[in-house]
Amino acid sequence: MAKGDKQSPIEINTKDVQHDSSLGPWHASYDPGAAKTILNNGRTCRVVFDDMFDRSVLRGGPLTGAYRLRQLHLHWGSSDDHGSEHVIDGVKYAAELHMVHWNPKHGNFAGALKQPDGVAVVGIFLKVGKNPKPEMKRILAEIDNIKTKGKEAPFQHFDPSILFPKSRDYWTYHGSFTTPPCEECITWILLREPIEVSSDQMAKLRTLSKSGENEPVKPLVDNWRPLQPLKGRIVRASFK
Ligand SMILES: NS(=O)(=O)c1nc2c(F)c(F)c(F)c(F)c2s1
Ligand SMILES: [Zn+2]
């Protein structure tokens, strides 16, 4: 897979993006009761949702049908000047949040990974600024409970749509998981407007360790994949 021609992440050069007037708005209708746990899997910090039914779904935009929210996670750097996976006109953000949804017409998540329309990921850029979004506090407050690899804590009554920026403007393209085995099953929906976090919040994220409880601390940082070749793909924009 990783040698395919639809790999992610990519750099988005906005001069090459094509506005597509047929791209409508996307809609997330999430059930706060679907949130279950937050965990440190040694590679990222992940919030897991109940995806047995269509409780929390994403629809519209470039998608056909309703995609179920399965998990959200983040990628970040060892300092505030980098960390995002996608890069916009050379700009790297401090972090990138991914909300992972899958298409139930493929039966289950494992089946969806094998399909080009199997998975939809909403990507939100995190920018270090002066007025951090209070909604990020809930996730960061849990960091102390999941410091080491394998640690998991209950994470309930959480509606991740509170993390969305004001604007719904997005870029979309077909790509892959950014972690091995990098299946090319993702419709990426990258939001143009970043949300703000504080430098202290980024420092908090960097206190996560990728090693287990009784092992020497190895800071969980720089869990982003390098840019992949565009290979002729078109990135479309929902906005002019
Ligand atoms: N960074 S990503 O492209 O959003 C992304 N990677 C993965 C991955 F490697 C997995 F094994 C997995 F089960 C996922 F749900 C995702 S979602
Ligand atoms: Zn990711």
# chains A, B, ... in the order shown; residues from 1 in each chain; ligands from 1
$ residues_near_ligand --ligand "ligand 1" --cutoff "6 Å" --atoms "only C-alpha atoms and all ligand atoms" --output "count of residues only"
6
$ residues_around --residues "segment 11-24 of chain A" --least-positions-apart "6" --cutoff "8 Å" --atoms "only C-alpha atoms" --output "ChimeraX atom specification"
/A:60-62,86-90,227-228,230,234-240
$ atom_distance --atom1 "atom CA of Ala153 of chain A" --atom2 "atom CA of Ile38 of chain A"
5.4 Å
$ residues_around --residues "Gln7 of chain A" --least-positions-apart "3" --cutoff "7 Å" --atoms "only C-alpha atoms" --output "PyMOL selection string"
chain A and resi 2+4+175-176+184+228
$ write_last_selection --atoms "N, CA and C atoms" --output "compact mmCIF listing (two decimals), in the first residue's frame"
# COMPACT_ATOMS: atom_id res chain seq x y z
N ALA A 2 1.86 1.22 0.90
CA ALA A 2 2.61 2.47 1.12
C ALA A 2 3.29 2.92 -0.17
N GLY A 4 1.69 2.99 -3.00
CA GLY A 4 0.61 3.30 -3.94
C GLY A 4 0.71 4.72 -4.48
N GLY A 175 -7.14 9.76 -0.57
CA GLY A 175 -5.82 9.40 -0.06
C GLY A 175 -5.87 8.17 0.82
N SER A 176 -4.92 8.14 1.73
CA SER A 176 -4.70 6.91 2.52
C SER A 176 -4.61 7.20 4.01
N GLU A 184 -5.44 2.80 0.93
CA GLU A 184 -5.91 3.97 0.15
C GLU A 184 -7.43 3.99 0.12
N GLN A 228 3.65 12.99 1.02
CA GLN A 228 3.68 11.95 -0.04
C GLN A 228 3.42 12.62 -1.40
$ atom_distance --atom1 "atom CA of Glu85 of chain A" --atom2 "atom CA of Val121 of chain A"
12.8 Å
$ residues_around --residues "Ala120 of chain A" --least-positions-apart "2" --cutoff "12 Å" --atoms "only C-alpha atoms" --output "ChimeraX atom specification"
/A:26,28,57-72,98-104,109,112-113,115-118,122-123,172-177,184-190
$ closest_residue --among "A:Tyr30, A:Phe164, A:Phe125, A:Phe158" --to "ligand 2" --atoms "only C-alpha atoms and all ligand atoms"
A:Phe125
$ residues_around --residues "Arg192 of chain A" --least-positions-apart "2" --cutoff "9 Å" --atoms "only C-alpha atoms" --output "ChimeraX atom specification"
/A:124-125,165,167-171,190,194
$ write_last_selection --atoms "C-alpha atoms" --output "CSV table (one decimal), in the first residue's frame"
chain,number,residue,atom,x,y,z
A,124,ILE,CA,-8.7,20.0,11.7
A,125,PHE,CA,-5.5,22.1,12.0
A,165,PRO,CA,-14.1,25.9,13.6
A,167,SER,CA,-16.3,28.0,8.9
A,168,ARG,CA,-17.3,24.7,7.2
A,169,ASP,CA,-15.0,25.5,4.2
A,170,TYR,CA,-12.9,22.4,3.2
A,171,TRP,CA,-10.5,20.8,0.7
A,190,LEU,CA,-9.6,19.1,5.5
A,194,PRO,CA,-7.7,26.1,12.0
$ closest_residue --among "A:Arg138, A:Arg43, A:His27, A:His73" --to "ligand 2" --atoms "only C-alpha atoms and all ligand atoms"
A:His73
$ decode --residues "segment 5-120 of chain A" --atoms "C-alpha atoms" --output "tab-separated table (two decimals), in the first residue's frame"
chain	number	residue	atom	x	y	z
A	5	ASP	CA	-0.24	6.41	-5.93
A	6	LYS	CA	-2.87	7.76	-3.53
A	7	GLN	CA	-0.85	8.20	-0.35
A	8	SER	CA	-1.37	10.77	2.43
A	9	PRO	CA	-0.51	13.30	3.72
A	10	ILE	CA	0.11	15.75	0.87
A	11	GLU	CA	0.98	19.41	0.56
A	12	ILE	CA	-1.95	21.49	-0.66
A	13	ASN	CA	-0.86	24.27	-3.04
A	14	THR	CA	-3.96	26.44	-3.07
A	15	LYS	CA	-3.10	27.80	-6.54
A	16	ASP	CA	-3.59	24.28	-7.95
A	17	VAL	CA	-6.84	23.59	-6.08
A	18	GLN	CA	-10.04	23.39	-8.16
A	19	HIS	CA	-13.21	24.98	-6.76
A	20	ASP	CA	-16.05	22.48	-7.28
A	21	SER	CA	-19.48	24.13	-7.01
A	22	SER	CA	-21.09	20.68	-6.77
A	23	LEU	CA	-19.39	20.15	-3.39
A	24	GLY	CA	-22.14	20.85	-0.86
A	25	PRO	CA	-21.75	21.36	2.88
A	26	TRP	CA	-20.90	18.41	5.12
A	27	HIS	CA	-22.98	17.68	8.22
A	28	ALA	CA	-21.98	15.92	11.42
A	29	SER	CA	-24.68	14.68	13.76
A	30	TYR	CA	-22.91	13.18	16.74
A	31	ASP	CA	-24.44	11.58	19.84
A	32	PRO	CA	-22.41	12.68	22.91
A	33	GLY	CA	-23.41	9.38	24.50
A	34	ALA	CA	-21.40	7.48	21.87
A	35	ALA	CA	-18.06	8.59	23.35
A	36	LYS	CA	-16.48	5.75	25.33
A	37	THR	CA	-12.80	5.98	26.23
A	38	ILE	CA	-9.57	7.87	25.62
A	39	LEU	CA	-6.35	5.95	25.20
A	40	ASN	CA	-2.62	6.28	24.61
A	41	ASN	CA	-1.74	3.55	22.10
A	42	GLY	CA	1.91	4.54	22.02
A	43	ARG	CA	1.46	6.28	18.66
A	44	THR	CA	-1.23	8.87	19.42
A	45	CYS	CA	-3.92	9.91	21.86
A	46	ARG	CA	-7.22	8.45	20.63
A	47	VAL	CA	-10.87	8.91	21.69
A	48	VAL	CA	-13.00	5.88	20.80
A	49	PHE	CA	-16.75	6.00	20.03
A	50	ASP	CA	-19.47	3.33	19.87
A	51	ASP	CA	-19.89	2.67	16.16
A	52	MET	CA	-22.21	-0.37	16.38
A	53	PHE	CA	-25.08	1.73	14.96
A	54	ASP	CA	-25.55	5.03	13.16
A	55	ARG	CA	-25.33	7.01	16.40
A	56	SER	CA	-22.71	9.55	15.30
A	57	VAL	CA	-22.56	10.13	11.58
A	58	LEU	CA	-21.00	12.40	8.98
A	59	ARG	CA	-22.79	13.02	5.66
A	60	GLY	CA	-22.83	15.42	2.71
A	61	GLY	CA	-19.85	17.22	1.22
A	62	PRO	CA	-18.03	14.78	-1.10
A	63	LEU	CA	-19.65	11.78	0.61
A	64	THR	CA	-22.48	9.50	-0.49
A	65	GLY	CA	-24.41	8.14	2.47
A	66	ALA	CA	-23.75	8.36	6.21
A	67	TYR	CA	-20.32	7.46	7.59
A	68	ARG	CA	-20.05	6.35	11.23
A	69	LEU	CA	-17.67	8.11	13.64
A	70	ARG	CA	-15.25	5.50	15.05
A	71	GLN	CA	-12.40	7.44	16.67
A	72	LEU	CA	-10.55	10.71	16.76
A	73	HIS	CA	-6.81	11.19	17.34
A	74	LEU	CA	-4.07	13.74	16.89
A	75	HIS	CA	-0.64	14.21	15.28
A	76	TRP	CA	1.77	16.77	16.71
A	77	GLY	CA	5.40	17.91	16.70
A	78	SER	CA	8.23	18.31	19.20
A	79	SER	CA	7.80	22.11	18.98
A	80	ASP	CA	5.01	24.50	18.00
A	81	ASP	CA	6.43	25.23	14.53
A	82	HIS	CA	5.52	21.80	13.08
A	83	GLY	CA	3.42	18.73	13.75
A	84	SER	CA	0.58	18.65	11.25
A	85	GLU	CA	0.56	15.95	8.57
A	86	HIS	CA	-0.98	18.00	5.75
A	87	VAL	CA	0.84	21.21	4.82
A	88	ILE	CA	-0.95	24.22	3.26
A	89	ASP	CA	1.17	26.40	0.94
A	90	GLY	CA	4.24	25.50	2.99
A	91	VAL	CA	2.52	26.16	6.32
A	92	LYS	CA	2.90	23.43	8.94
A	93	TYR	CA	0.52	23.68	11.92
A	94	ALA	CA	1.41	22.63	15.46
A	95	ALA	CA	-0.97	19.68	15.27
A	96	GLU	CA	-3.69	18.03	13.21
A	97	LEU	CA	-6.81	16.38	14.63
A	98	HIS	CA	-8.39	13.50	12.66
A	99	MET	CA	-12.00	12.37	13.06
A	100	VAL	CA	-12.23	8.92	11.48
A	101	HIS	CA	-15.55	7.71	10.01
A	102	TRP	CA	-16.33	4.54	8.02
A	103	ASN	CA	-18.98	3.58	5.48
A	104	PRO	CA	-21.35	0.95	6.97
A	105	LYS	CA	-22.32	-0.27	3.48
A	106	HIS	CA	-19.06	-2.26	3.68
A	107	GLY	CA	-20.28	-4.22	6.70
A	108	ASN	CA	-17.55	-3.45	9.20
A	109	PHE	CA	-14.46	-1.26	9.64
A	110	ALA	CA	-12.06	-3.96	8.44
A	111	GLY	CA	-14.11	-4.33	5.25
A	112	ALA	CA	-14.27	-0.57	4.77
A	113	LEU	CA	-10.45	-0.33	4.83
A	114	LYS	CA	-10.36	-2.32	1.60
A	115	GLN	CA	-12.66	0.07	-0.30
A	116	PRO	CA	-11.80	3.40	-1.98
A	117	ASP	CA	-14.98	4.91	-0.43
A	118	GLY	CA	-14.57	3.05	2.85
A	119	VAL	CA	-13.35	5.77	5.21
A	120	ALA	CA	-13.82	9.55	5.60
